[in-house]
file final_13.cif (mmCIF, C-alpha atoms)
data_protein
#
loop_
_atom_site.label_atom_id
_atom_site.label_comp_id
_atom_site.auth_asym_id
_atom_site.auth_seq_id
_atom_site.Cartn_x
_atom_site.Cartn_y
_atom_site.Cartn_z
CA MET A 12 -12.84 3.53 69.40
CA SER A 13 -10.22 0.90 70.22
CA GLN A 14 -12.60 -0.54 72.83
CA GLN A 15 -14.92 -1.50 70.03
CA GLN A 16 -12.40 -4.13 69.03
CA ARG A 17 -11.96 -5.78 72.41
CA GLY A 18 -13.81 -8.84 73.68
CA ARG A 19 -13.80 -10.83 70.45
CA PRO A 20 -10.41 -11.55 69.00
CA THR A 21 -11.58 -12.55 65.54
CA GLY A 22 -11.37 -10.15 62.64
CA ARG A 23 -12.28 -6.54 62.09
CA ARG A 24 -15.77 -5.26 62.68
CA THR A 25 -17.44 -3.13 60.09
CA GLY A 26 -20.85 -1.56 59.88
CA ASP A 27 -23.96 -2.60 61.76
CA SER A 28 -23.00 -6.16 62.66
CA GLY A 29 -19.67 -5.04 64.10
CA THR A 30 -21.37 -2.40 66.22
CA ARG A 31 -24.04 -4.85 67.33
CA ASP A 32 -21.36 -7.38 68.32
CA ALA A 33 -19.43 -4.77 70.27
CA ILE A 34 -22.56 -3.77 72.20
CA LEU A 35 -23.42 -7.40 73.04
CA ASP A 36 -19.85 -8.15 74.19
CA ALA A 37 -19.77 -5.06 76.41
CA ALA A 38 -23.24 -5.84 77.78
CA LEU A 39 -22.30 -9.44 78.63
CA THR A 40 -19.27 -8.26 80.58
CA LEU A 41 -21.01 -5.44 82.43
CA PHE A 42 -24.17 -7.40 83.29
CA ALA A 43 -22.01 -10.18 84.74
CA GLU A 44 -19.75 -7.78 86.64
CA ARG A 45 -22.35 -5.33 87.97
CA GLY A 46 -25.73 -7.05 87.76
CA TYR A 47 -28.70 -6.11 85.63
CA ASP A 48 -29.71 -2.92 87.45
CA ALA A 49 -26.26 -1.46 88.03
CA ALA A 50 -25.09 -2.04 84.44
CA SER A 51 -26.45 1.13 82.81
CA VAL A 52 -27.07 1.47 79.08
CA ARG A 53 -24.74 4.49 79.21
CA ALA A 54 -21.91 2.41 80.72
CA ILE A 55 -22.45 -0.38 78.19
CA ALA A 56 -22.37 2.19 75.35
CA GLU A 57 -19.17 3.72 76.70
CA SER A 58 -17.51 0.33 77.04
CA ALA A 59 -18.56 -0.58 73.48
CA GLY A 60 -17.40 2.78 72.14
CA VAL A 61 -20.81 3.71 70.74
CA ASP A 62 -23.49 6.31 71.39
CA PRO A 63 -26.26 5.13 73.83
CA ALA A 64 -28.81 6.01 71.13
CA LEU A 65 -27.36 3.20 68.98
CA ILE A 66 -28.19 0.67 71.71
CA ARG A 67 -31.79 1.83 71.69
CA HIS A 68 -31.75 1.70 67.89
CA PHE A 69 -30.55 -1.92 67.80
CA PHE A 70 -32.23 -3.39 70.91
CA GLY A 71 -35.02 -1.08 72.05
CA ASP A 72 -34.84 -1.33 75.86
CA LYS A 73 -32.36 -2.77 78.35
CA ASN A 74 -34.63 -5.77 78.97
CA THR A 75 -34.43 -6.78 75.30
CA LEU A 76 -30.68 -6.14 75.30
CA PHE A 77 -30.23 -8.55 78.22
CA ALA A 78 -32.45 -11.17 76.57
CA THR A 79 -30.38 -10.89 73.40
CA VAL A 80 -27.14 -11.19 75.38
CA VAL A 81 -28.36 -14.40 77.06
CA ALA A 82 -29.58 -15.81 73.74
CA ASP A 83 -26.65 -14.77 71.51
CA ARG A 84 -23.65 -14.54 73.83
CA THR A 85 -24.16 -17.42 76.28
CA SER A 86 -24.63 -21.14 75.79
CA ILE A 87 -27.54 -21.20 78.28
CA PRO A 88 -30.53 -21.67 75.94
CA ALA A 89 -28.70 -24.14 73.66
CA ARG A 90 -27.52 -26.29 76.56
CA LEU A 91 -30.93 -26.39 78.25
CA GLY A 92 -32.54 -27.12 74.88
CA ALA A 93 -30.10 -29.95 74.09
CA ALA A 94 -30.89 -31.60 77.45
CA LEU A 95 -34.50 -32.07 76.35
CA ASP A 96 -33.53 -34.33 73.44
CA GLY A 97 -32.85 -38.02 74.05
CA ASP A 98 -34.17 -41.05 75.93
CA PRO A 99 -37.36 -39.96 77.75
CA SER A 100 -36.54 -42.27 80.67
CA THR A 101 -33.44 -40.23 81.57
CA LEU A 102 -34.90 -36.77 80.86
CA GLY A 103 -34.81 -35.74 84.54
CA ALA A 104 -31.13 -36.59 84.93
CA ARG A 105 -30.18 -34.76 81.72
CA VAL A 106 -32.09 -31.60 82.62
CA ALA A 107 -30.78 -31.57 86.21
CA ASP A 108 -27.23 -32.12 84.95
CA ALA A 109 -27.43 -29.40 82.27
CA TYR A 110 -29.06 -26.84 84.55
CA LEU A 111 -26.78 -27.34 87.56
CA ARG A 112 -23.72 -27.48 85.26
CA LEU A 113 -24.56 -23.98 83.98
CA TRP A 114 -24.12 -22.79 87.58
CA GLU A 115 -20.76 -24.57 87.94
CA ASP A 116 -19.43 -23.20 84.64
CA PRO A 117 -17.33 -20.01 85.03
CA GLN A 118 -18.54 -18.94 81.56
CA THR A 119 -22.23 -18.90 82.47
CA ARG A 120 -22.37 -18.56 86.28
CA PRO A 121 -21.72 -14.77 86.39
CA THR A 122 -24.66 -14.11 84.06
CA LEU A 123 -26.98 -16.33 86.12
CA LEU A 124 -25.81 -14.75 89.39
CA ALA A 125 -26.33 -11.25 87.97
CA LEU A 126 -29.81 -12.19 86.85
CA VAL A 127 -30.86 -13.76 90.18
CA ARG A 128 -29.40 -10.93 92.26
CA SER A 129 -31.27 -8.39 90.16
CA ALA A 130 -34.50 -10.41 90.07
CA THR A 131 -34.99 -9.96 93.81
CA THR A 132 -35.20 -6.18 93.43
CA SER A 133 -35.95 -5.43 89.76
CA PRO A 134 -39.26 -6.43 88.13
CA HIS A 135 -37.54 -6.33 84.71
CA ALA A 136 -34.86 -8.76 85.81
CA ALA A 137 -37.55 -10.95 87.37
CA ASP A 138 -39.32 -10.95 83.99
CA MET A 139 -36.09 -12.03 82.32
CA LEU A 140 -35.50 -14.83 84.79
CA ARG A 141 -39.10 -15.97 84.44
CA ASP A 142 -38.72 -16.14 80.65
CA LEU A 143 -35.49 -18.07 81.05
CA LEU A 144 -37.04 -20.54 83.50
CA ALA A 145 -40.27 -20.95 81.57
CA GLY A 146 -38.83 -20.49 78.09
CA ARG A 147 -38.28 -24.16 77.33
CA ALA A 148 -41.74 -25.20 78.46
CA PRO A 149 -43.21 -25.10 74.92
CA ALA A 150 -40.76 -27.84 73.93
CA LEU A 151 -42.53 -30.12 76.40
CA ALA A 152 -46.15 -31.19 76.19
CA PRO A 153 -48.53 -28.28 76.92
CA ASP A 154 -50.21 -30.23 79.73
CA LYS A 155 -46.83 -30.39 81.51
CA ALA A 156 -46.66 -26.63 82.22
CA GLN A 157 -47.10 -27.03 85.97
CA GLY A 158 -44.71 -29.96 86.17
CA THR A 159 -42.11 -28.02 84.18
CA ALA A 160 -42.52 -25.06 86.54
CA LEU A 161 -42.16 -27.32 89.60
CA ALA A 162 -38.99 -28.83 88.11
CA ALA A 163 -37.60 -25.38 87.31
CA SER A 164 -38.44 -24.16 90.83
CA HIS A 165 -36.72 -27.15 92.40
CA LEU A 166 -33.55 -26.81 90.32
CA PHE A 167 -33.51 -23.07 90.88
CA GLY A 168 -33.82 -23.64 94.65
CA ILE A 169 -30.88 -26.07 94.56
CA ALA A 170 -28.73 -23.58 92.61
CA PHE A 171 -29.69 -20.78 95.02
CA THR A 172 -28.88 -22.74 98.19
CA ARG A 173 -25.66 -24.08 96.61
CA HIS A 174 -24.20 -20.94 95.02
CA ILE A 175 -25.78 -18.00 96.86
CA ILE A 176 -26.77 -19.10 100.39
CA LYS A 177 -24.17 -21.91 100.40
CA LEU A 178 -26.17 -24.32 102.54
CA PRO A 179 -23.51 -26.75 103.88
CA ALA A 180 -25.39 -30.00 103.17
CA ILE A 181 -25.82 -28.85 99.55
CA THR A 182 -22.31 -27.47 98.97
CA ALA A 183 -20.90 -30.68 100.49
CA CYS A 184 -22.31 -32.71 97.57
CA ASP A 185 -20.33 -32.93 94.36
CA HIS A 186 -22.19 -32.17 91.11
CA ASP A 187 -22.90 -35.80 90.19
CA THR A 188 -24.22 -36.61 93.68
CA LEU A 189 -26.60 -33.68 93.54
CA VAL A 190 -27.82 -34.59 90.06
CA ALA A 191 -28.43 -38.20 91.18
CA ALA A 192 -30.32 -36.99 94.26
CA VAL A 193 -32.75 -34.71 92.41
CA ALA A 194 -33.03 -36.51 89.05
CA PRO A 195 -35.92 -38.81 90.10
CA THR A 196 -37.94 -35.81 91.30
CA ILE A 197 -37.23 -33.80 88.14
CA GLN A 198 -38.11 -36.86 86.05
CA HIS A 199 -41.39 -37.18 87.96
CA TYR A 200 -42.33 -33.50 87.54
CA LEU A 201 -41.45 -33.42 83.83
CA THR A 202 -43.17 -36.65 82.85
CA ALA A 203 -45.95 -37.49 85.34
CA ASP A 204 -49.56 -36.74 84.57
CA GLN A 205 -50.45 -33.28 85.75
CA GLN A 206 -51.23 -34.20 89.34
CA THR A 207 -51.66 -30.57 90.36
CA ALA A 208 -54.41 -30.04 87.82
CA SER A 209 -56.33 -33.06 89.03
CA THR A 210 -55.84 -31.98 92.64
CA ASN A 211 -57.13 -28.56 91.64
CA ALA A 212 -60.30 -30.11 90.22
CA ARG A 213 -61.26 -31.87 93.47
CA MET B 11 -38.76 9.00 123.73
CA SER B 12 -42.40 8.59 122.72
CA GLN B 13 -41.33 6.33 119.87
CA GLN B 14 -40.09 3.86 122.45
CA GLN B 15 -43.73 3.16 123.30
CA ARG B 16 -44.96 2.51 119.77
CA GLY B 17 -45.33 -0.89 118.15
CA ARG B 18 -46.59 -2.77 121.21
CA PRO B 19 -49.80 -1.48 122.72
CA THR B 20 -49.52 -3.25 126.06
CA GLY B 21 -48.35 -1.46 129.16
CA ARG B 22 -45.44 0.77 130.00
CA ARG B 23 -41.89 -0.34 129.42
CA THR B 24 -39.34 0.13 132.11
CA GLY B 25 -35.65 -0.67 132.28
CA ASP B 26 -33.76 -3.18 130.20
CA SER B 27 -36.63 -5.37 129.03
CA GLY B 28 -38.62 -2.35 127.85
CA THR B 29 -35.63 -1.02 125.91
CA ARG B 30 -34.90 -4.45 124.45
CA ASP B 31 -38.55 -4.80 123.35
CA ALA B 32 -38.51 -1.38 121.73
CA ILE B 33 -35.35 -2.22 119.77
CA LEU B 34 -36.79 -5.55 118.55
CA ASP B 35 -40.06 -3.94 117.48
CA ALA B 36 -38.26 -1.18 115.60
CA ALA B 37 -35.89 -3.71 114.00
CA LEU B 38 -38.75 -5.95 112.84
CA THR B 39 -40.45 -3.01 111.14
CA LEU B 40 -37.33 -1.59 109.51
CA PHE B 41 -35.91 -4.94 108.33
CA ALA B 42 -39.27 -5.74 106.69
CA GLU B 43 -39.61 -2.29 105.13
CA ARG B 44 -36.05 -1.72 103.95
CA GLY B 45 -34.36 -5.12 103.84
CA TYR B 46 -31.46 -6.33 105.93
CA ASP B 47 -28.71 -4.19 104.40
CA ALA B 48 -30.61 -0.91 104.12
CA ALA B 49 -31.97 -1.06 107.69
CA SER B 50 -29.04 0.50 109.55
CA VAL B 51 -28.43 0.02 113.26
CA ARG B 52 -28.53 3.82 113.52
CA ALA B 53 -32.00 4.00 111.93
CA ILE B 54 -33.28 1.19 114.17
CA ALA B 55 -31.90 2.98 117.24
CA GLU B 56 -33.53 6.24 116.17
CA SER B 57 -36.88 4.53 115.59
CA ALA B 58 -36.66 2.82 118.99
CA GLY B 59 -35.62 6.06 120.68
CA VAL B 60 -32.36 4.64 122.04
CA ASP B 61 -28.65 5.22 121.53
CA PRO B 62 -27.05 2.90 118.88
CA ALA B 63 -24.54 1.82 121.55
CA LEU B 64 -27.43 0.21 123.47
CA ILE B 65 -28.19 -2.03 120.48
CA ARG B 66 -24.59 -3.21 120.45
CA HIS B 67 -24.81 -3.70 124.22
CA PHE B 68 -27.91 -5.89 124.01
CA PHE B 69 -27.37 -7.72 120.71
CA GLY B 70 -23.72 -7.41 119.69
CA ASP B 71 -23.91 -7.11 115.89
CA LYS B 72 -26.69 -6.56 113.37
CA ASN B 73 -26.62 -10.23 112.37
CA THR B 74 -27.49 -11.31 115.93
CA LEU B 75 -30.13 -8.58 116.14
CA PHE B 76 -31.83 -9.95 113.02
CA ALA B 77 -31.64 -13.53 114.33
CA THR B 78 -33.23 -12.40 117.61
CA VAL B 79 -35.97 -10.53 115.72
CA VAL B 80 -36.84 -13.65 113.69
CA ALA B 81 -36.78 -15.85 116.81
CA ASP B 82 -38.60 -13.50 119.24
CA ARG B 83 -40.80 -11.32 117.06
CA THR B 84 -42.03 -13.68 114.33
CA SER B 85 -43.86 -16.99 114.42
CA ILE B 86 -41.48 -18.48 111.84
CA PRO B 87 -39.42 -20.87 114.02
CA ALA B 88 -42.41 -22.01 116.11
CA ARG B 89 -44.55 -22.75 113.06
CA LEU B 90 -41.79 -24.67 111.25
CA GLY B 91 -41.03 -26.53 114.48
CA ALA B 92 -44.67 -27.45 115.07
CA ALA B 93 -44.93 -28.91 111.55
CA LEU B 94 -42.29 -31.51 112.47
CA ASP B 95 -44.51 -33.04 115.17
CA GLY B 96 -47.20 -35.54 114.23
CA ASP B 97 -47.86 -38.56 112.02
CA PRO B 98 -44.59 -39.39 110.20
CA SER B 99 -46.50 -40.48 107.11
CA THR B 100 -47.79 -36.93 106.52
CA LEU B 101 -44.61 -35.07 107.49
CA GLY B 102 -43.96 -33.83 103.94
CA ALA B 103 -47.43 -32.31 103.59
CA ARG B 104 -47.22 -30.58 107.00
CA VAL B 105 -43.78 -29.10 106.35
CA ALA B 106 -44.72 -27.94 102.82
CA ASP B 107 -47.95 -26.43 104.14
CA ALA B 108 -46.28 -24.63 107.08
CA TYR B 109 -43.40 -23.29 105.00
CA LEU B 110 -45.43 -22.06 102.04
CA ARG B 111 -48.06 -20.60 104.41
CA LEU B 112 -45.34 -18.40 105.99
CA TRP B 113 -44.90 -16.83 102.56
CA GLU B 114 -48.65 -16.24 102.12
CA ASP B 115 -49.03 -14.69 105.60
CA PRO B 116 -48.83 -10.85 105.60
CA GLN B 117 -47.33 -11.07 109.12
CA THR B 118 -44.29 -13.12 108.08
CA ARG B 119 -43.86 -12.53 104.33
CA PRO B 120 -42.17 -9.10 104.59
CA THR B 121 -39.48 -10.53 106.88
CA LEU B 122 -38.85 -13.47 104.53
CA LEU B 123 -38.76 -11.19 101.47
CA ALA B 124 -36.33 -8.82 103.21
CA LEU B 125 -34.11 -11.74 104.11
CA VAL B 126 -34.08 -13.28 100.63
CA ARG B 127 -33.53 -9.95 98.86
CA SER B 128 -30.60 -9.20 101.14
CA ALA B 129 -29.18 -12.74 100.94
CA THR B 130 -28.39 -12.30 97.24
CA THR B 131 -26.00 -9.42 97.99
CA SER B 132 -25.08 -9.64 101.69
CA PRO B 133 -23.03 -12.53 103.10
CA HIS B 134 -24.49 -11.79 106.56
CA ALA B 135 -28.05 -12.05 105.31
CA ALA B 136 -27.10 -15.24 103.47
CA ASP B 137 -25.78 -16.60 106.78
CA MET B 138 -29.08 -15.76 108.44
CA LEU B 139 -31.13 -17.41 105.72
CA ARG B 140 -28.88 -20.47 105.85
CA ASP B 141 -29.42 -20.75 109.61
CA LEU B 142 -33.15 -20.38 109.14
CA LEU B 143 -33.28 -23.03 106.40
CA ALA B 144 -30.95 -25.45 108.18
CA GLY B 145 -31.96 -24.57 111.74
CA ARG B 146 -34.56 -27.31 112.15
CA ALA B 147 -32.32 -30.03 110.78
CA PRO B 148 -31.17 -31.18 114.26
CA ALA B 149 -34.80 -32.02 115.07
CA LEU B 150 -34.65 -34.65 112.34
CA ALA B 151 -32.35 -37.65 112.33
CA PRO B 152 -28.69 -36.65 111.78
CA ASP B 153 -28.43 -38.94 108.74
CA LYS B 154 -31.18 -36.88 107.08
CA ALA B 155 -29.10 -33.70 106.76
CA GLN B 156 -28.87 -33.90 102.96
CA GLY B 157 -32.52 -34.84 102.58
CA THR B 158 -33.53 -31.96 104.82
CA ALA B 159 -31.40 -29.57 102.76
CA LEU B 160 -32.92 -30.88 99.50
CA ALA B 161 -36.42 -30.38 100.93
CA ALA B 162 -35.53 -26.87 102.12
CA SER B 163 -34.04 -26.04 98.70
CA HIS B 164 -37.13 -27.28 96.91
CA LEU B 165 -39.57 -25.34 99.12
CA PHE B 166 -37.38 -22.24 98.92
CA GLY B 167 -37.35 -22.52 95.11
CA ILE B 168 -41.15 -22.75 95.06
CA ALA B 169 -41.49 -19.68 97.32
CA PHE B 170 -38.99 -17.76 95.15
CA THR B 171 -40.69 -18.55 91.84
CA ARG B 172 -44.15 -17.89 93.38
CA HIS B 173 -43.52 -14.67 95.31
CA ILE B 174 -40.45 -13.05 93.72
CA ILE B 175 -40.21 -14.16 90.08
CA LYS B 176 -43.95 -14.90 89.87
CA LEU B 177 -43.67 -17.80 87.43
CA PRO B 178 -47.20 -18.05 85.94
CA ALA B 179 -47.63 -21.83 86.28
CA ILE B 180 -46.72 -21.53 89.98
CA THR B 181 -48.76 -18.42 90.81
CA ALA B 182 -51.74 -20.02 89.03
CA CYS B 183 -51.88 -22.75 91.70
CA ASP B 184 -53.71 -22.09 94.94
CA HIS B 185 -51.89 -22.89 98.17
CA ASP B 186 -53.45 -26.33 98.72
CA THR B 187 -52.76 -27.39 95.13
CA LEU B 188 -49.12 -26.44 95.47
CA VAL B 189 -48.78 -28.26 98.80
CA ALA B 190 -50.36 -31.39 97.31
CA ALA B 191 -48.02 -31.22 94.30
CA VAL B 192 -44.78 -30.99 96.28
CA ALA B 193 -45.73 -32.95 99.44
CA PRO B 194 -44.70 -36.41 98.07
CA THR B 195 -41.27 -35.05 97.11
CA ILE B 196 -40.77 -33.33 100.47
CA GLN B 197 -41.91 -36.52 102.23
CA HIS B 198 -39.38 -38.51 100.19
CA TYR B 199 -36.48 -36.14 100.92
CA LEU B 200 -37.27 -35.93 104.66
CA THR B 201 -37.78 -39.63 105.27
CA ALA B 202 -35.93 -41.68 102.61
CA ASP B 203 -32.58 -43.27 103.33
CA GLN B 204 -29.78 -40.92 102.45
CA GLN B 205 -29.57 -41.80 98.76
CA THR B 206 -27.11 -39.02 98.06
CA ALA B 207 -24.60 -40.42 100.54
CA SER B 208 -24.80 -43.87 99.01
CA THR B 209 -24.50 -42.39 95.53
CA ASN B 210 -21.45 -40.50 96.71
CA ALA B 211 -19.81 -43.73 97.88
CA ARG B 212 -20.09 -45.45 94.51
#
call {"tool": "encode", "arguments": {"input": "final_13.cif", "output": "structure tokens"}}
result
Amino acid sequence: MSQQQRGRPTGRRTGDSGTRDAILDAALTLFAERGYDAASVRAIAESAGVDPALIRHFFGDKNTLFATVVADRTSIPARLGAALDGDPSTLGARVADAYLRLWEDPQTRPTLLALVRSATTSPHAADMLRDLLAGRAPALAPDKAQGTALAASHLFGIAFTRHIIKLPAITACDHDTLVAAVAPTIQHYLTADQQTASTNAR
Amino acid sequence: MSQQQRGRPTGRRTGDSGTRDAILDAALTLFAERGYDAASVRAIAESAGVDPALIRHFFGDKNTLFATVVADRTSIPARLGAALDGDPSTLGARVADAYLRLWEDPQTRPTLLALVRSATTSPHAADMLRDLLAGRAPALAPDKAQGTALAASHLFGIAFTRHIIKLPAITACDHDTLVAAVAPTIQHYLTADQQTASTNAR
């Protein structure tokens, strides 16, 4: 049971919230280390020092567990959300900076890598990544859904070629250079009238 | 040895070129079906009806075999190359159309999917994908290397969110709508002065 205490240094855990915390801490570590598919509920339970049935009791399925880990144990949603607030004329630069910074940050990169690696083979992980990419869309105007998706696709492509494929002309850029290069495009996609819809209606 | 004849209906194969053809046909099928990592040289040899040592004799390593398969057994390089020729003012639309069409085409999509799925876990497959993404860069002006990489990253991100993650706002677009939506950005990246370099020099 000593494993139940590791991961978070603060205080003693008692009852449901302590158990829930221990599961989330263990899940964060194992998802990042092994990827979504390879991190089994059984291994997460063992690492947290709990019975696997407790994980199902608290979180239902593994998909929901991962979603809760991303929401409660990483700064990803808060940082993407914060980038949406501010001067509309610099929205593209803020979003590009926040998104690409998540991939540079040793705290968040392992989770993103695990998610992307799993998304290519696991429909559940692909669902998770889709929710993460599309999740902030409601905060923007509803008629910007396609533009938001184009922006997300572009930034995702940059992160993939920079951190997974390691395309030389992309890895050669420092973070600020890359943000400056893509910010006008992201700004355009997030704020322009929905050009794709009008094209569609031709 | 009857398997040596399958895959290509035309004529009888004799000697080195027949053996080489049989290996490439078997490799194309197995890479597409199983992905880069799971398609072993041994399985490819067995499917082609040859000794694995012959594959090493003709192609060296698996990486080179895959590169030869993409170059000789798919239309991918020729179609991307052809898109570069023509009116410079519509370059972005032609490149976006050719690239995204490769992902819609049942002849080429399995190879691209196999490559991307493997690239997330295999450094060799990532090398291959990098070569494929960056391979046409020399055909453009040398000072456009970063722009070319940004364009490739953007198109790759669109293909990934459309065909692997299946982001709803991207899958909802038909091919022409998507091409029209991204063409101005691709045109900008492929033809604009190297803004990232100048930003870098600030």
call {"tool": "resolve_selection", "arguments": {"input": "final_13.cif", "expression": "the PyMOL selection byres ((chain A) within 6 of (chain B))", "output": "PyMOL selection string"}}
result
chain A and resi 128+131+137+141+157+164-165+167-169+176+178+180+188+192+207+211
call {"tool": "closest_residue", "arguments": {"input": "final_13.cif", "among": "A:Thr75, A:Gln198, A:Ser51, A:Thr85", "to": "A:Asp36", "atoms": "only C-alpha atoms"}}
result
A:Thr85
call {"tool": "resolve_selection", "arguments": {"input": "final_13.cif", "expression": "the PyMOL selection byres ((chain A and resi 108) around 10)", "output": "count of residues only"}}
result
21
call {"tool": "atom_distance", "arguments": {"input": "final_13.cif", "atom1": "atom CA of B:Ala53", "atom2": "atom CA of A:Gly46"}}
result
27.3 Å
call {"tool": "resolve_selection", "arguments": {"input": "final_13.cif", "expression": "the PyMOL selection byres ((chain B and resi 37) around 8)", "output": "PyMOL selection string"}}
result
chain B and resi 33-36+38-41+49+54+75-76+79
call {"tool": "atom_distance", "arguments": {"input": "final_13.cif", "atom1": "atom CA of B:Arg89", "atom2": "atom CA of B:Gln117"}}
result
12.6 Å
call {"tool": "atom_distance", "arguments": {"input": "final_13.cif", "atom1": "atom CA of A:Ile66", "atom2": "atom CA of A:Ile87"}}
result
22.8 Å
call {"tool": "decode", "arguments": {"input": "final_13.cif", "residues": "stretch 178-185 of chain B", "atoms": "all heavy atoms", "output": "PDB file, in the first residue's frame"}}
result
ATOM      1  N   PRO B 178     -14.460  15.594 -36.986  1.00  0.00           N
ATOM      2  CA  PRO B 178     -15.712  15.759 -37.748  1.00  0.00           C
ATOM      3  C   PRO B 178     -15.722  16.940 -38.712  1.00  0.00           C
ATOM      4  O   PRO B 178     -16.183  16.806 -39.848  1.00  0.00           O
ATOM      5  CB  PRO B 178     -16.767  15.927 -36.650  1.00  0.00           C
ATOM      6  CG  PRO B 178     -16.197  15.238 -35.461  1.00  0.00           C
ATOM      7  CD  PRO B 178     -14.707  15.462 -35.539  1.00  0.00           C
ATOM      8  N   ALA B 179     -15.220  18.114 -38.278  1.00  0.00           N
ATOM      9  CA  ALA B 179     -15.281  19.284 -39.152  1.00  0.00           C
ATOM     10  C   ALA B 179     -14.371  19.133 -40.372  1.00  0.00           C
ATOM     11  O   ALA B 179     -14.531  19.845 -41.364  1.00  0.00           O
ATOM     12  CB  ALA B 179     -14.905  20.551 -38.376  1.00  0.00           C
ATOM     13  N   ILE B 180     -13.418  18.198 -40.315  1.00  0.00           N
ATOM     14  CA  ILE B 180     -12.547  17.942 -41.473  1.00  0.00           C
ATOM     15  C   ILE B 180     -13.143  16.840 -42.355  1.00  0.00           C
ATOM     16  O   ILE B 180     -13.159  16.954 -43.585  1.00  0.00           O
ATOM     17  CB  ILE B 180     -11.125  17.550 -41.020  1.00  0.00           C
ATOM     18  CG1 ILE B 180     -10.470  18.687 -40.202  1.00  0.00           C
ATOM     19  CG2 ILE B 180     -10.242  17.198 -42.215  1.00  0.00           C
ATOM     20  CD1 ILE B 180     -10.179  19.947 -40.979  1.00  0.00           C
ATOM     21  N   THR B 181     -13.663  15.781 -41.737  1.00  0.00           N
ATOM     22  CA  THR B 181     -14.266  14.711 -42.553  1.00  0.00           C
ATOM     23  C   THR B 181     -15.561  15.181 -43.216  1.00  0.00           C
ATOM     24  O   THR B 181     -15.965  14.622 -44.227  1.00  0.00           O
ATOM     25  CB  THR B 181     -14.568  13.447 -41.704  1.00  0.00           C
ATOM     26  OG1 THR B 181     -15.421  13.810 -40.628  1.00  0.00           O
ATOM     27  CG2 THR B 181     -13.290  12.843 -41.140  1.00  0.00           C
ATOM     28  N   ALA B 182     -16.182  16.228 -42.650  1.00  0.00           N
ATOM     29  CA  ALA B 182     -17.434  16.737 -43.233  1.00  0.00           C
ATOM     30  C   ALA B 182     -17.192  17.434 -44.573  1.00  0.00           C
ATOM     31  O   ALA B 182     -18.107  17.558 -45.385  1.00  0.00           O
ATOM     32  CB  ALA B 182     -18.116  17.698 -42.259  1.00  0.00           C
ATOM     33  N   CYS B 183     -15.962  17.910 -44.798  1.00  0.00           N
ATOM     34  CA  CYS B 183     -15.647  18.592 -46.060  1.00  0.00           C
ATOM     35  C   CYS B 183     -15.439  17.565 -47.170  1.00  0.00           C
ATOM     36  O   CYS B 183     -14.828  16.522 -46.939  1.00  0.00           O
ATOM     37  CB  CYS B 183     -14.347  19.394 -45.949  1.00  0.00           C
ATOM     38  SG  CYS B 183     -14.359  20.696 -44.720  1.00  0.00           S
ATOM     39  N   ASP B 184     -15.899  17.874 -48.386  1.00  0.00           N
ATOM     40  CA  ASP B 184     -15.486  17.026 -49.494  1.00  0.00           C
ATOM     41  C   ASP B 184     -14.071  17.462 -49.934  1.00  0.00           C
ATOM     42  O   ASP B 184     -13.551  18.485 -49.484  1.00  0.00           O
ATOM     43  CB  ASP B 184     -16.498  17.055 -50.648  1.00  0.00           C
ATOM     44  CG  ASP B 184     -16.682  18.433 -51.244  1.00  0.00           C
ATOM     45  OD1 ASP B 184     -15.737  19.241 -51.183  1.00  0.00           O
ATOM     46  OD2 ASP B 184     -17.773  18.712 -51.764  1.00  0.00           O
ATOM     47  N   HIS B 185     -13.480  16.643 -50.784  1.00  0.00           N
ATOM     48  CA  HIS B 185     -12.084  16.877 -51.183  1.00  0.00           C
ATOM     49  C   HIS B 185     -11.860  18.291 -51.746  1.00  0.00           C
ATOM     50  O   HIS B 185     -10.931  18.994 -51.339  1.00  0.00           O
ATOM     51  CB  HIS B 185     -11.662  15.813 -52.212  1.00  0.00           C
ATOM     52  CG  HIS B 185     -10.339  16.069 -52.851  1.00  0.00           C
ATOM     53  ND1 HIS B 185      -9.143  15.778 -52.219  1.00  0.00           N
ATOM     54  CD2 HIS B 185     -10.010  16.601 -54.050  1.00  0.00           C
ATOM     55  CE1 HIS B 185      -8.141  16.113 -53.022  1.00  0.00           C
ATOM     56  NE2 HIS B 185      -8.639  16.621 -54.137  1.00  0.00           N
TER      57      HIS B 185
END
